[in-house]
>>> print(open('work24.txt').read())   # compact mmCIF, C-alpha atoms
# COMPACT_ATOMS: atom_id res chain seq x y z
CA MET A 1 -8.04 -9.69 42.54
CA ARG A 2 -6.54 -12.14 40.05
CA LYS A 3 -2.87 -12.94 40.40
CA ALA A 4 -0.67 -12.59 37.33
CA ARG A 5 1.78 -15.22 36.17
CA ILE A 6 5.10 -14.45 34.52
CA SER A 7 6.06 -16.35 31.37
CA GLN A 8 9.54 -17.73 30.79
CA SER A 9 10.20 -14.79 28.47
CA GLY A 10 9.09 -12.29 31.10
CA VAL A 11 5.50 -11.54 30.04
CA PRO A 12 3.08 -10.99 32.96
CA HIS A 13 -0.34 -12.37 32.11
CA LEU A 14 -3.67 -13.47 33.48
CA HIS A 15 -4.81 -16.93 32.45
CA PHE A 16 -8.16 -18.36 33.52
CA GLY A 17 -11.46 -19.73 32.23
CA LYS A 18 -12.44 -22.74 30.15
CA GLY A 19 -13.33 -23.09 26.50
CA GLU A 20 -11.78 -21.84 23.28
CA PRO A 21 -8.73 -19.63 23.92
CA LEU A 22 -9.35 -15.88 23.65
CA VAL A 23 -6.46 -13.41 23.84
CA LEU A 24 -7.28 -9.88 25.04
CA ILE A 25 -4.66 -7.27 24.11
CA HIS A 26 -4.81 -3.86 25.77
CA GLY A 27 -4.15 -0.48 24.19
CA LEU A 28 -1.47 2.19 24.50
CA GLY A 29 -0.68 3.11 28.10
CA GLU A 30 -3.12 0.56 29.49
CA VAL A 31 -2.57 -2.53 31.63
CA LYS A 32 -3.96 -6.05 31.42
CA GLU A 33 -6.34 -5.42 34.32
CA GLY A 34 -8.16 -2.97 32.07
CA TRP A 35 -10.10 -5.98 30.77
CA GLU A 36 -11.70 -6.46 34.19
CA ASP A 37 -15.20 -5.90 32.81
CA GLN A 38 -14.60 -8.72 30.33
CA TYR A 39 -13.53 -11.33 32.91
CA GLU A 40 -17.08 -12.69 32.75
CA LEU A 41 -16.21 -14.17 29.34
CA ALA A 42 -14.24 -16.81 31.25
CA ASP A 43 -17.50 -18.75 31.64
CA LYS A 44 -17.18 -19.82 27.99
CA TYR A 45 -13.59 -18.99 27.00
CA GLU A 46 -10.04 -19.58 28.18
CA LEU A 47 -8.77 -16.03 28.65
CA ILE A 48 -5.14 -15.06 28.08
CA ILE A 49 -4.55 -11.41 29.03
CA PRO A 50 -0.94 -10.15 28.81
CA ASP A 51 0.80 -6.93 29.68
CA LEU A 52 2.54 -5.69 26.54
CA ARG A 53 6.28 -5.08 26.67
CA GLY A 54 7.05 -2.10 28.90
CA HIS A 55 3.42 -1.81 30.09
CA GLY A 56 1.95 -2.68 33.46
CA GLU A 57 4.05 -5.22 35.32
CA CYS A 58 6.21 -6.10 32.31
CA ASN A 59 9.83 -5.15 33.01
CA LYS A 60 10.99 -5.68 29.42
CA GLN A 61 11.80 -2.12 28.35
CA GLU A 62 13.91 -2.58 25.21
CA GLY A 63 12.70 -3.15 21.68
CA ILE A 64 9.35 -1.40 21.88
CA SER A 65 7.65 -2.19 18.57
CA ILE A 66 4.41 -3.66 17.28
CA LYS A 67 6.45 -6.55 15.87
CA ASN A 68 7.97 -7.39 19.25
CA PHE A 69 4.65 -7.02 21.07
CA ALA A 70 3.27 -9.69 18.71
CA ILE A 71 6.32 -11.95 19.14
CA ASP A 72 5.93 -11.79 22.92
CA ILE A 73 2.29 -12.93 22.77
CA LEU A 74 2.95 -15.68 20.23
CA ASP A 75 5.78 -16.96 22.45
CA LEU A 76 3.41 -16.86 25.43
CA LEU A 77 0.84 -18.93 23.54
CA THR A 78 3.54 -21.45 22.63
CA GLU A 79 4.58 -21.72 26.26
CA LEU A 80 0.94 -22.26 27.27
CA LYS A 81 0.66 -24.94 24.56
CA ILE A 82 -2.13 -23.02 22.82
CA GLU A 83 -1.97 -23.70 19.10
CA THR A 84 -4.75 -21.36 17.96
CA ALA A 85 -6.81 -18.65 19.61
CA HIS A 86 -9.29 -15.88 18.99
CA ILE A 87 -7.22 -12.68 18.97
CA LEU A 88 -8.87 -9.51 20.24
CA GLY A 89 -7.01 -6.22 20.30
CA LEU A 90 -8.09 -2.74 21.40
CA SER A 91 -6.59 0.32 19.69
CA MET A 92 -2.82 -0.34 19.59
CA GLY A 93 -3.67 -3.88 20.68
CA GLY A 94 -5.59 -4.26 17.41
CA ALA A 95 -2.41 -3.41 15.50
CA VAL A 96 -0.65 -6.09 17.55
CA ALA A 97 -3.40 -8.57 16.61
CA GLN A 98 -2.88 -7.77 12.93
CA GLU A 99 0.86 -8.27 13.34
CA MET A 100 0.24 -11.64 14.97
CA TYR A 101 -1.74 -12.58 11.90
CA ARG A 102 1.10 -11.41 9.66
CA GLN A 103 3.62 -13.55 11.56
CA ALA A 104 1.48 -16.62 12.22
CA PRO A 105 -1.91 -16.60 10.47
CA GLU A 106 -2.45 -20.27 11.26
CA ARG A 107 -2.58 -19.43 14.98
CA CYS A 108 -5.41 -16.91 14.66
CA ARG A 109 -8.91 -18.44 14.70
CA THR A 110 -10.51 -15.03 14.38
CA LEU A 111 -9.53 -11.38 14.68
CA LEU A 112 -11.53 -8.88 16.74
CA LEU A 113 -10.23 -5.37 16.08
CA ILE A 114 -11.72 -2.83 18.46
CA SER A 115 -11.37 0.93 17.92
CA SER A 116 -8.17 0.16 16.08
CA PHE A 117 -6.18 1.18 13.01
CA HIS A 118 -4.07 -0.29 10.23
CA TYR A 119 -2.27 2.75 8.83
CA PHE A 120 -1.81 6.46 9.52
CA PRO A 121 -1.55 8.71 6.47
CA LYS A 122 1.03 11.47 6.94
CA ASN A 123 -1.57 14.21 7.37
CA LEU A 124 -3.36 12.19 10.06
CA LYS A 125 -0.10 11.79 12.00
CA SER A 126 0.30 15.54 12.09
CA ILE A 127 -3.27 15.97 13.35
CA LEU A 128 -3.03 13.29 16.06
CA PHE A 129 0.55 13.70 17.24
CA GLU A 130 2.16 17.06 16.52
CA PRO A 131 -0.25 19.28 18.51
CA ARG A 132 0.16 16.99 21.54
CA LYS A 133 3.85 16.11 21.14
CA GLU A 134 5.12 18.20 24.04
CA LEU A 135 2.38 16.98 26.36
CA LEU A 136 2.97 13.35 25.43
CA GLU A 137 6.73 13.60 25.88
CA GLN A 138 6.28 15.11 29.34
CA LEU A 139 3.56 12.68 30.33
CA SER A 140 3.97 11.94 34.04
CA TYR A 141 0.33 11.30 34.72
CA THR A 142 -0.48 14.21 36.94
CA LYS A 143 -4.13 14.97 37.73
CA GLU A 144 -4.13 17.42 34.82
CA HIS A 145 -2.87 14.80 32.37
CA ALA A 146 -5.37 12.26 33.69
CA GLU A 147 -8.27 14.60 33.01
CA TYR A 148 -6.96 15.35 29.50
CA ALA A 149 -6.57 11.65 28.71
CA SER A 150 -10.01 10.67 30.02
CA ARG A 151 -11.74 13.44 28.08
CA MET A 152 -9.97 12.30 24.92
CA ALA A 153 -10.83 8.63 25.38
CA LEU A 154 -14.35 8.70 26.82
CA TYR A 155 -17.71 9.84 25.50
CA SER A 156 -19.35 9.51 28.91
CA TRP A 157 -17.70 11.41 31.77
CA LYS A 158 -19.63 9.69 34.52
CA LYS A 159 -17.61 9.60 37.72
CA GLU A 160 -17.54 5.80 37.86
CA THR A 161 -16.35 5.50 34.26
CA VAL A 162 -13.63 8.14 34.66
CA GLU A 163 -12.41 6.52 37.88
CA LYS A 164 -12.18 3.16 36.15
CA PHE A 165 -10.30 4.71 33.24
CA ASN A 166 -7.80 6.33 35.62
CA LYS A 167 -7.33 3.01 37.39
CA PHE A 168 -6.28 1.17 34.24
CA PHE A 169 -4.57 3.88 32.19
CA GLN A 170 -1.04 3.84 33.62
CA PRO A 171 1.33 5.26 31.00
CA LYS A 172 5.08 5.20 31.56
CA PRO A 173 6.38 8.36 29.84
CA GLN A 174 9.11 7.00 27.56
CA ILE A 175 7.36 3.70 26.89
CA PHE A 176 4.23 5.64 25.98
CA VAL A 177 6.04 7.84 23.46
CA ASP A 178 8.04 4.92 22.00
CA SER A 179 4.86 2.88 21.61
CA LEU A 180 3.06 5.79 19.98
CA VAL A 181 5.89 6.20 17.47
CA ALA A 182 5.65 2.44 16.79
CA CYS A 183 1.94 2.87 16.03
CA PHE A 184 2.74 5.48 13.40
CA ASP A 185 5.03 2.96 11.67
CA VAL A 186 2.17 0.50 11.13
CA ASN A 187 1.26 -0.08 7.50
CA ASN A 188 -1.09 -3.01 6.90
CA LEU A 189 -2.57 -1.80 3.63
CA THR A 190 -1.35 -4.90 1.79
CA LEU A 191 -1.88 -7.29 4.72
CA LEU A 192 -5.59 -6.74 5.33
CA PRO A 193 -6.81 -7.89 1.89
CA ARG A 194 -5.08 -11.24 2.62
CA VAL A 195 -6.86 -11.83 5.92
CA ASP A 196 -8.98 -14.96 5.52
CA VAL A 197 -10.23 -15.63 9.06
CA PRO A 198 -13.53 -14.30 10.42
CA THR A 199 -12.94 -10.71 11.48
CA LEU A 200 -15.03 -8.37 13.61
CA ILE A 201 -14.25 -4.65 13.43
CA VAL A 202 -15.83 -2.39 16.05
CA GLY A 203 -15.77 1.41 16.18
CA GLY A 204 -17.08 3.87 18.75
CA GLN A 205 -19.58 6.40 17.42
CA TYR A 206 -17.89 9.34 19.16
CA ASP A 207 -14.29 8.09 19.19
CA SER A 208 -12.10 11.21 18.96
CA ILE A 209 -8.82 9.26 19.08
CA LEU A 210 -9.42 6.80 16.24
CA PRO A 211 -12.60 7.88 14.44
CA VAL A 212 -14.87 5.29 12.87
CA TRP A 213 -13.88 6.10 9.29
CA ILE A 214 -10.56 4.40 10.02
CA GLN A 215 -12.34 1.19 11.03
CA LEU A 216 -14.64 1.50 8.01
CA TRP A 217 -11.52 1.66 5.84
CA MET A 218 -10.24 -1.52 7.51
CA HIS A 219 -13.60 -3.19 6.89
CA LYS A 220 -13.42 -2.37 3.20
CA LEU A 221 -9.94 -3.90 3.01
CA ILE A 222 -10.65 -7.16 4.86
CA PRO A 223 -12.77 -9.58 2.80
CA HIS A 224 -15.97 -10.77 4.47
CA SER A 225 -15.29 -8.79 7.66
CA GLU A 226 -18.12 -7.57 9.89
CA PHE A 227 -18.21 -3.90 10.91
CA ILE A 228 -20.24 -2.54 13.81
CA ILE A 229 -20.42 0.98 15.23
CA MET A 230 -21.23 1.08 18.93
CA ARG A 231 -23.47 4.05 19.52
CA ASN A 232 -22.95 6.52 22.34
CA THR A 233 -19.41 5.36 23.06
CA GLY A 234 -15.98 6.88 22.65
CA HIS A 235 -12.66 5.06 22.34
CA LEU A 236 -13.36 2.62 25.16
CA ALA A 237 -16.68 0.90 24.65
CA LYS A 238 -15.42 -1.91 26.88
CA LEU A 239 -15.74 0.51 29.82
CA GLU A 240 -18.57 2.77 28.71
CA ALA A 241 -20.96 0.08 27.52
CA LYS A 242 -19.57 -3.13 28.94
CA ASP A 243 -22.81 -5.13 28.77
CA ARG A 244 -23.45 -4.25 25.12
CA PHE A 245 -19.79 -4.76 24.31
CA ASN A 246 -19.56 -8.18 25.96
CA LYS A 247 -22.81 -9.27 24.33
CA LEU A 248 -21.39 -8.25 20.95
CA LEU A 249 -18.23 -10.28 21.51
CA ARG A 250 -20.20 -13.33 22.62
CA LYS A 251 -22.48 -13.15 19.60
CA PHE A 252 -19.59 -12.99 17.15
CA LEU A 253 -17.62 -15.77 18.84
CA GLU A 254 -20.68 -18.01 19.12
CA GLN A 255 -21.37 -17.52 15.40
CA GLN A 256 -17.92 -18.90 14.64
CA LYS A 257 -18.66 -22.03 16.67
CA THR A 258 -21.86 -22.54 14.71
CA ALA A 259 -20.10 -21.96 11.39
CA SER A 260 -17.41 -24.50 12.18
>>> encode(input="work24.txt", output="structure tokens")
Amino acid sequence: MRKARISQSGVPHLHFGKGEPLVLIHGLGEVKEGWEDQYELADKYELIIPDLRGHGECNKQEGISIKNFAIDILDLLTELKIETAHILGLSMGGAVAQEMYRQAPERCRTLLLISSFHYFPKNLKSILFEPRKELLEQLSYTKEHAEYASRMALYSWKKETVEKFNKFFQPKPQIFVDSLVACFDVNNLTLLPRVDVPTLIVGGQYDSILPVWIQLWMHKLIPHSEFIIMRNTGHLAKLEAKDRFNKLLRKFLEQQKTAS
């Protein structure tokens, strides 16, 4: 098991591998170890994998916002003396990646936005949040809640996949709700058309949390972006189809080396 380091600003992170820096940003309620199936990328890339504020081992509880999540990671990169990196974000982590680009575009070599979003129209908020508001606010991660969460996030309910999901989905009730509210505040409608770094957008064919039409919308907004739908996956292709997912990441990142 890899041992986390703590940055001067209090951000727990994993840091290993050699090659071009690649930041992996987890989603809502997840922890950095949820990228375990992607550790193999360390053979070609220097991996930086943080816990977001309030998540996992991070004890910073105040100021939960997409803006502050991005500031924390940019500060971490500065401390590690990493000037530029490939920035990959899953779900809420993809919103953090976009915010990093807003704050410091020169530090983003590429963006990889996985099962993510850029904006929630009002009617979509009511569909995604209101029916589940009471459950989310009471989230204590009982067995019942775990089953609900896994069935929402996964297309495949194989025992091994569900067990892995439960291992890395560790929501803290108030942090979870505060982070979800922060997601609903995201509005990158004017930011995305200004993105001028290579961008990969990936959606899961059967994603019931953030359906692929949201990622298609992002693709249409970001000039020259690449959009891929991963078939037979839900919200977490990184778990459900790790070999295909990792191969996809490698192909995109290798193309950028060739292009440069």
>>> atom_distance(input="work24.txt", atom1="atom CA of Gly34 of chain A", atom2="atom CA of Phe168 of chain A")
5.0 Å
>>> atom_distance(input="work24.txt", atom1="atom CA of Ala70 of chain A", atom2="atom CA of Leu24 of chain A")
12.3 Å
>>> residues_around(input="work24.txt", residues="Leu77 of chain A", least_positions_apart="3", cutoff="12 Å", atoms="all atoms listed in the file", output="PyMOL selection string")
chain A and resi 7-9+11+13+15+21-23+46-50+70-74+80-87+100+104+107-108
>>> atom_distance(input="work24.txt", atom1="atom CA of Ser115 of chain A", atom2="atom CA of Lys60 of chain A")
26.0 Å
>>> closest_residue(input="work24.txt", among="A:Ala237, A:Ile175, A:Cys58, A:Val31", to="Gly93 of chain A", atoms="all atoms listed in the file")
A:Val31
>>> residues_around(input="work24.txt", residues="segment 245-248 of chain A", least_positions_apart="4", cutoff="10 Å", atoms="only C-alpha atoms", output="list in words")
Asp37, Gln38, Tyr39, Glu40, Leu41, Leu200, Val202, Ile228, Met230, Leu236, Ala237, Lys238, Leu239, Glu240, Ala241, Phe252, Leu253 and Glu254 of chain A
>>> closest_residue(input="work24.txt", among="A:Arg231, A:Arg151, A:Lys167, A:Lys242", to="Ile209 of chain A", atoms="all atoms listed in the file")
A:Arg151
>>> residues_around(input="work24.txt", residues="Ser225 of chain A", least_positions_apart="6", cutoff="10 Å", atoms="all atoms listed in the file", output="ChimeraX atom specification")
/A:111-112,195-201,218-219
>>> write_last_selection(input="work24.txt", atoms="C-alpha atoms", output="PDB file, keeping the file's coordinate frame")
ATOM      1  CA  LEU A 111      -9.530 -11.380  14.680  1.00  0.00           C
ATOM      2  CA  LEU A 112     -11.530  -8.880  16.740  1.00  0.00           C
ATOM      3  CA  VAL A 195      -6.860 -11.830   5.920  1.00  0.00           C
ATOM      4  CA  ASP A 196      -8.980 -14.960   5.520  1.00  0.00           C
ATOM      5  CA  VAL A 197     -10.230 -15.630   9.060  1.00  0.00           C
ATOM      6  CA  PRO A 198     -13.530 -14.300  10.420  1.00  0.00           C
ATOM      7  CA  THR A 199     -12.940 -10.710  11.480  1.00  0.00           C
ATOM      8  CA  LEU A 200     -15.030  -8.370  13.610  1.00  0.00           C
ATOM      9  CA  ILE A 201     -14.250  -4.650  13.430  1.00  0.00           C
ATOM     10  CA  MET A 218     -10.240  -1.520   7.510  1.00  0.00           C
ATOM     11  CA  HIS A 219     -13.600  -3.190   6.890  1.00  0.00           C
TER      12      HIS A 219
END
>>> residues_around(input="work24.txt", residues="Trp157 of chain A", least_positions_apart="5", cutoff="12 Å", atoms="only C-alpha atoms", output="list of chain:residue names")
A:Glu147, A:Tyr148, A:Ala149, A:Ser150, A:Arg151, A:Met152, A:Val162, A:Glu163, A:Lys164, A:Phe165, A:Asn166, A:Asn232, A:Thr233, A:Gly234, A:Leu236, A:Leu239, A:Glu240
>>> closest_residue(input="work24.txt", among="A:Arg250, A:Gln170, A:Pro121, A:Asp178", to="Glu62 of chain A", atoms="all atoms listed in the file")
A:Asp178
>>> residues_near_point(input="work24.txt", point="(-2.3, 0.5, 23.6)", cutoff="12 Å", atoms="all atoms listed in the file", output="PyMOL selection string")
chain A and resi 24-32+34+50-56+64-66+69+89-97+114-117+153+168-172+175-183+209+235-236
>>> closest_residue(input="work24.txt", among="A:Leu124, A:Leu14, A:Thr258, A:Ala42", to="Ile214 of chain A", atoms="only C-alpha atoms")
A:Leu124
